[in-house]
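A.B. asks: Handing over protein29.csv, CSV, C-alpha atoms and all ligand atoms.
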```csv
chain,number,residue,atom,x,y,z
A,1,MET,CA,0.0,0.0,0.0
A,2,LYS,CA,1.0,3.6,-0.4
A,3,ASP,CA,2.6,4.7,2.8
A,4,PHE,CA,1.0,7.3,5.1
A,5,ARG,CA,1.8,9.4,8.1
A,6,LEU,CA,-1.4,11.0,9.3
A,7,TYR,CA,-4.6,9.0,9.4
A,8,ALA,CA,-8.0,10.6,10.0
A,9,ILE,CA,-11.2,8.9,10.9
A,10,THR,CA,-14.6,10.4,10.5
A,11,GLY,CA,-16.4,11.2,13.8
A,12,GLU,CA,-19.5,13.3,13.0
A,13,GLN,CA,-20.5,13.5,16.6
A,14,PHE,CA,-17.5,15.9,17.1
A,15,HIS,CA,-18.6,18.5,14.6
A,16,PRO,CA,-22.4,19.0,14.9
A,17,GLY,CA,-23.6,21.5,12.3
A,18,ARG,CA,-20.5,21.1,10.1
A,19,ASP,CA,-20.5,19.1,6.9
A,20,MET,CA,-18.5,15.9,7.1
A,21,LEU,CA,-17.1,16.3,3.6
A,22,ASP,CA,-15.9,19.8,4.3
A,23,VAL,CA,-14.3,18.7,7.5
A,24,MET,CA,-12.5,15.8,5.8
A,25,GLU,CA,-11.4,18.1,2.9
A,26,GLN,CA,-9.8,20.5,5.5
A,27,ALA,CA,-8.0,17.5,7.0
A,28,ILE,CA,-6.7,16.6,3.6
A,29,LEU,CA,-5.5,20.1,3.0
A,30,GLY,CA,-3.7,20.0,6.3
A,31,GLY,CA,-1.8,16.9,5.3
A,32,VAL,CA,-3.8,13.8,6.1
A,33,ASP,CA,-2.9,11.1,3.6
A,34,ILE,CA,-5.4,8.4,4.6
A,35,ILE,CA,-9.1,8.7,5.6
A,36,GLN,CA,-11.4,6.1,7.1
A,37,LEU,CA,-15.2,6.3,7.1
A,38,ARG,CA,-16.3,5.0,10.5
A,39,ASP,CA,-20.1,5.2,11.0
A,40,LYS,CA,-21.6,2.7,13.3
A,41,LYS,CA,-24.9,4.5,13.7
A,42,SER,CA,-26.4,5.4,10.3
A,43,PRO,CA,-28.5,3.1,8.2
A,44,LYS,CA,-26.4,1.2,5.7
A,45,ALA,CA,-27.8,3.1,2.7
A,46,GLU,CA,-26.5,6.3,4.3
A,47,VAL,CA,-23.1,4.8,5.0
A,48,LEU,CA,-22.9,3.8,1.4
A,49,ALA,CA,-23.8,7.3,0.2
A,50,LYS,CA,-21.1,8.7,2.5
A,51,ALA,CA,-18.6,6.2,1.2
A,52,LYS,CA,-19.2,7.1,-2.4
A,53,ALA,CA,-18.9,10.9,-1.6
A,54,LEU,CA,-15.7,10.3,0.3
A,55,ARG,CA,-14.3,8.1,-2.5
A,56,LYS,CA,-14.8,11.1,-4.9
A,57,LEU,CA,-13.2,13.5,-2.5
A,58,THR,CA,-10.2,11.3,-1.7
A,59,SER,CA,-9.6,10.5,-5.4
A,60,ARG,CA,-9.4,14.2,-6.2
A,61,TYR,CA,-6.5,14.5,-3.8
A,62,ASP,CA,-5.0,11.1,-4.3
A,63,VAL,CA,-5.7,10.2,-0.7
A,64,THR,CA,-6.2,6.6,0.4
A,65,PHE,CA,-9.8,5.8,1.4
A,66,ILE,CA,-10.7,3.0,3.9
A,67,VAL,CA,-14.2,1.9,5.0
A,68,ASN,CA,-14.6,0.6,8.6
A,69,ASP,CA,-16.6,-2.6,9.2
A,70,TYR,CA,-18.5,-3.0,5.9
A,71,VAL,CA,-16.7,-5.1,3.3
A,72,ASP,CA,-19.6,-4.8,0.9
A,73,ILE,CA,-19.7,-1.0,1.1
A,74,ALA,CA,-15.9,-0.8,0.6
A,75,LEU,CA,-16.4,-2.9,-2.6
A,76,GLU,CA,-19.4,-1.0,-3.9
A,77,ALA,CA,-17.8,2.4,-3.3
A,78,ASP,CA,-14.5,1.2,-4.7
A,79,ALA,CA,-12.6,2.2,-1.5
A,80,ASP,CA,-8.9,1.4,-1.4
A,81,GLY,CA,-9.5,-0.9,1.5
A,82,ILE,CA,-11.3,-1.9,4.7
A,83,HIS,CA,-10.5,-1.8,8.4
A,84,LEU,CA,-11.6,-4.6,10.7
A,85,GLY,CA,-11.6,-5.1,14.4
A,86,GLN,CA,-10.9,-8.4,16.3
A,87,GLY,CA,-14.7,-9.1,16.4
A,88,ASP,CA,-15.3,-8.5,12.7
A,89,MET,CA,-15.1,-10.8,9.7
A,90,PRO,CA,-11.8,-12.9,9.9
A,91,LEU,CA,-9.0,-11.5,7.8
A,92,THR,CA,-8.6,-14.6,5.7
A,93,GLU,CA,-12.3,-14.4,4.7
A,94,ALA,CA,-12.1,-10.7,4.0
A,95,ARG,CA,-9.0,-11.2,1.8
A,96,ARG,CA,-11.0,-13.6,-0.3
A,97,LEU,CA,-13.6,-10.9,-0.8
A,98,VAL,CA,-11.5,-7.8,-1.4
A,99,GLY,CA,-8.5,-9.3,-3.3
A,100,SER,CA,-5.6,-7.0,-3.3
A,101,LYS,CA,-7.4,-4.1,-1.6
A,102,ILE,CA,-5.9,-2.8,1.7
A,103,ILE,CA,-6.9,-4.7,4.9
A,104,GLY,CA,-6.2,-3.0,8.2
A,105,ILE,CA,-6.7,-4.8,11.5
A,106,SER,CA,-7.1,-3.3,15.0
A,107,THR,CA,-4.8,-4.9,17.6
A,108,HIS,CA,-4.5,-4.6,21.3
A,109,ALA,CA,-1.8,-7.2,22.1
A,110,ILE,CA,1.3,-8.5,20.4
A,111,GLU,CA,-0.3,-11.9,19.7
A,112,GLU,CA,-3.0,-10.2,17.6
A,113,ALA,CA,-0.4,-8.0,15.8
A,114,LEU,CA,1.8,-11.0,14.9
A,115,LEU,CA,-1.3,-13.0,13.7
A,116,ALA,CA,-2.6,-10.1,11.6
A,117,GLU,CA,0.9,-9.8,10.0
A,118,SER,CA,1.2,-13.5,9.3
A,119,GLN,CA,-2.2,-13.6,7.8
A,120,GLY,CA,-1.4,-10.8,5.4
A,121,ALA,CA,-2.8,-7.6,6.9
A,122,ASP,CA,-1.5,-4.5,5.1
A,123,TYR,CA,-1.3,-2.4,8.2
A,124,ILE,CA,-2.4,-2.7,11.8
A,125,GLY,CA,-3.9,-0.3,14.3
A,126,VAL,CA,-2.3,-0.2,17.7
A,127,GLY,CA,-4.5,1.1,20.5
A,128,PRO,CA,-6.2,2.7,22.2
A,129,VAL,CA,-2.8,4.1,23.4
A,130,TYR,CA,-4.5,6.4,25.9
A,131,ARG,CA,-8.0,6.5,27.3
A,132,THR,CA,-10.6,7.7,24.7
A,133,ALA,CA,-14.3,8.3,24.8
A,134,THR,CA,-14.5,8.0,21.0
A,135,LYS,CA,-14.7,4.2,21.0
A,136,GLU,CA,-18.0,3.1,22.3
A,137,ASP,CA,-16.9,-0.2,23.8
A,138,VAL,CA,-14.7,0.2,26.9
A,139,VAL,CA,-11.2,-1.0,26.2
A,140,ASP,CA,-8.2,-0.5,28.6
A,141,PRO,CA,-5.5,1.6,27.1
A,142,VAL,CA,-2.6,-0.4,25.7
A,143,THR,CA,-0.2,2.3,26.7
A,144,GLU,CA,3.1,3.4,25.1
A,145,ALA,CA,4.6,0.0,26.1
A,146,TYR,CA,2.6,-1.8,23.4
A,147,VAL,CA,3.6,0.8,20.8
A,148,ARG,CA,7.2,0.1,21.7
A,149,GLU,CA,6.6,-3.7,21.5
A,150,VAL,CA,5.0,-3.5,18.1
A,151,ALA,CA,7.7,-1.2,16.8
A,152,HIS,CA,10.3,-3.9,17.5
A,153,ALA,CA,8.3,-7.0,16.5
A,154,ILE,CA,6.3,-6.0,13.4
A,155,GLN,CA,7.5,-5.4,9.8
A,156,ILE,CA,4.2,-4.1,8.3
A,157,PRO,CA,3.1,-0.5,8.8
A,158,PHE,CA,1.4,0.2,12.1
A,159,VAL,CA,-0.6,3.2,13.2
A,160,ALA,CA,-1.0,4.4,16.8
A,161,ILE,CA,-4.5,5.4,17.7
A,162,GLY,CA,-6.6,6.3,20.7
A,163,GLY,CA,-6.5,9.4,22.8
A,164,ILE,CA,-3.7,10.9,20.7
A,165,LYS,CA,-3.7,14.7,20.9
A,166,LEU,CA,-1.2,17.4,19.9
A,167,HIS,CA,-0.1,17.6,23.5
A,168,ASN,CA,0.8,13.9,23.9
A,169,VAL,CA,1.8,12.9,20.3
A,170,ASP,CA,5.5,13.4,21.0
A,171,GLN,CA,5.4,10.6,23.6
A,172,VAL,CA,3.8,8.3,21.0
A,173,LEU,CA,6.5,9.1,18.5
A,174,MET,CA,9.1,8.6,21.1
A,175,ALA,CA,7.7,5.1,21.7
A,176,GLY,CA,8.4,4.3,18.1
A,177,ALA,CA,5.3,5.2,16.2
A,178,THR,CA,5.8,6.8,12.8
A,179,ARG,CA,2.1,6.9,11.8
A,180,ILE,CA,-0.6,8.5,13.9
A,181,CYS,CA,-4.3,8.4,13.8
A,182,ALA,CA,-6.5,10.8,15.7
A,183,VAL,CA,-10.3,11.3,15.6
A,184,SER,CA,-11.6,13.8,18.1
A,185,GLU,CA,-8.4,16.0,18.1
A,186,ILE,CA,-8.7,16.4,14.3
A,187,VAL,CA,-12.4,16.5,13.4
A,188,GLY,CA,-13.4,18.2,16.7
A,189,SER,CA,-10.9,21.0,16.1
A,190,SER,CA,-12.2,24.5,15.3
A,191,ASN,CA,-9.2,24.7,12.8
A,192,VAL,CA,-9.0,21.2,11.3
A,193,LYS,CA,-6.4,22.1,8.7
A,194,GLY,CA,-4.2,23.8,11.3
A,195,THR,CA,-4.4,20.9,13.7
A,196,CYS,CA,-3.4,18.5,10.9
A,197,GLU,CA,-0.5,20.8,9.9
A,198,ALA,CA,0.6,20.8,13.5
A,199,PHE,CA,0.5,16.9,13.7
A,200,ILE,CA,2.5,16.8,10.4
A,201,SER,CA,5.3,19.1,11.7
A,202,LYS,CA,5.6,16.8,14.8
A,203,LEU,CA,5.8,13.7,12.6
A,204,GLU,CA,8.4,15.4,10.4
A,205,ALA,CA,10.4,16.6,13.4
A,206,LYS,CA,10.8,13.0,14.6
B,301,LIG,N1,-9.9,2.5,17.7
B,301,LIG,C1,-9.1,2.5,18.8
B,301,LIG,S1,-9.1,3.9,19.6
B,301,LIG,C2,-10.3,4.6,18.6
B,301,LIG,C3,-10.6,3.7,17.6
B,301,LIG,C4,-11.5,3.9,16.5
B,301,LIG,C5,-10.8,5.9,18.7
B,301,LIG,C6,-9.8,7.0,18.7
B,301,LIG,O1,-10.4,8.3,18.8
B,301,LIG,P1,-9.7,9.5,19.5
B,301,LIG,O2,-10.8,10.6,19.5
B,301,LIG,O3,-8.6,9.9,18.6
B,301,LIG,O4,-9.3,9.1,20.8
B,302,MG,MG,-15.2,-3.0,13.3
```
Kindly transcribe the structure held in the file into structure tokens.
C.D. replies:
Amino acid sequence: MKDFRLYAITGEQFHPGRDMLDVMEQAILGGVDIIQLRDKKSPKAEVLAKAKALRKLTSRYDVTFIVNDYVDIALEADADGIHLGQGDMPLTEARRLVGSKIIGISTHAIEEALLAESQGADYIGVGPVYRTATKEDVVDPVTEAYVREVAHAIQIPFVAIGGIKLHNVDQVLMAGATRICAVSEIVGSSNVKGTCEAFISKLEAK
């Protein structure tokens, strides 16, 4: 897959009254190079419509586009890939359906990371690094120790996620992350583009 540094995920609850496509375009203009549609609430037809709109937007900027949870929507919207959690469709089954598209897998422990890598995941998510209210199910933070562990043990790209803010991202980079994902800090910002630019300068300073 095309490599990336700053990964943004949609979180419409963080920007009431603002258009999701506008927010994501500001994120792209600020330097985000991969976007995930994550919508666990809307009816599927609406998720599909959002996926198609985001596909158009990301194509215009040559930004990678990933759909969370829904393999069928990823295929129908011609996303670049899908992102699956530990409780979703098994990676091997997803691979049969999406062929060479990107498959990202959420991991919370080194055994999950190694399994995802051995089964052919294109990248893994590592988190939640810190406490976050964005994820509905309560999961204990994996802490910077898990980031350090993955950085040593895994060859495929990994992205740190969960509670990452401008004020603590340096610690995550110090632990060995070179790719960062943030939801609330980016889409909830009153200056989405500026926040992304600030993340990028920290990633570049590393
Ligand atoms: N997976 C692990 S943590 C998380 C997801 C989707 C949410 C991260 O959101 P935030 O607002 O950046 O803490
Ligand atoms: Mg999922």
A.B. asks: Kindly indicate which residue among A:Gly87, A:Gly188, A:Pro141, A:Gly99 lies nearest to ligand MG 302 (chain B), using all atoms listed in the file for the distances.
C.D. replies: A:Gly87
A.B. asks: Report as a list in words which protein, DNA and RNA residues come within 8 Å of ligand MG 302 (chain B), using only C-alpha atoms and all ligand atoms.
C.D. replies: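 I would give the residues around ligand MG 302 (chain B) as Asn68, Asp69, His83, Leu84, Gly85, Gln86, Gly87 and Asp88 of chain A.
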A.B. asks: Collect all residues with atoms no farther than 6 Å from ligand LIG 301 (chain B), counting only C-alpha atoms and all ligand atoms, and output them as a list in words.
C.D. replies: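 After applying the 6 Å limit, what remains is Gly127, Pro128, Thr132, Thr134, Lys135, Ile161, Gly162, Gly163, Ile164, Ala182, Val183 and Ser184 of chain A.
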A.B. asks: Using all atoms listed in the file, which of A:Ala133, A:Met89, A:Ile200, A:Ile186 sits nearest Ala8 in chain A?
C.D. replies: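 Of all the options, A:Ile186 lies closest to Ala8 in chain A.
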A.B. asks: Pick from A:Ala74, A:Leu37, A:Ile102, A:Leu29: nearest to Asp62 in chain A, with only C-alpha atoms counted?
C.D. replies: A:Leu29
A.B. asks: Find the residues near Glu111 in chain A: any atom within 12 Å, counting all atoms listed in the file, skip ones fewer than 6 places away on the same chain, and give them as a list in words.
C.D. replies: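 Returned residues: Gln86, Glu117, Ser118, Tyr146, Glu149, Val150, Ala153 and Ile154 of chain A.
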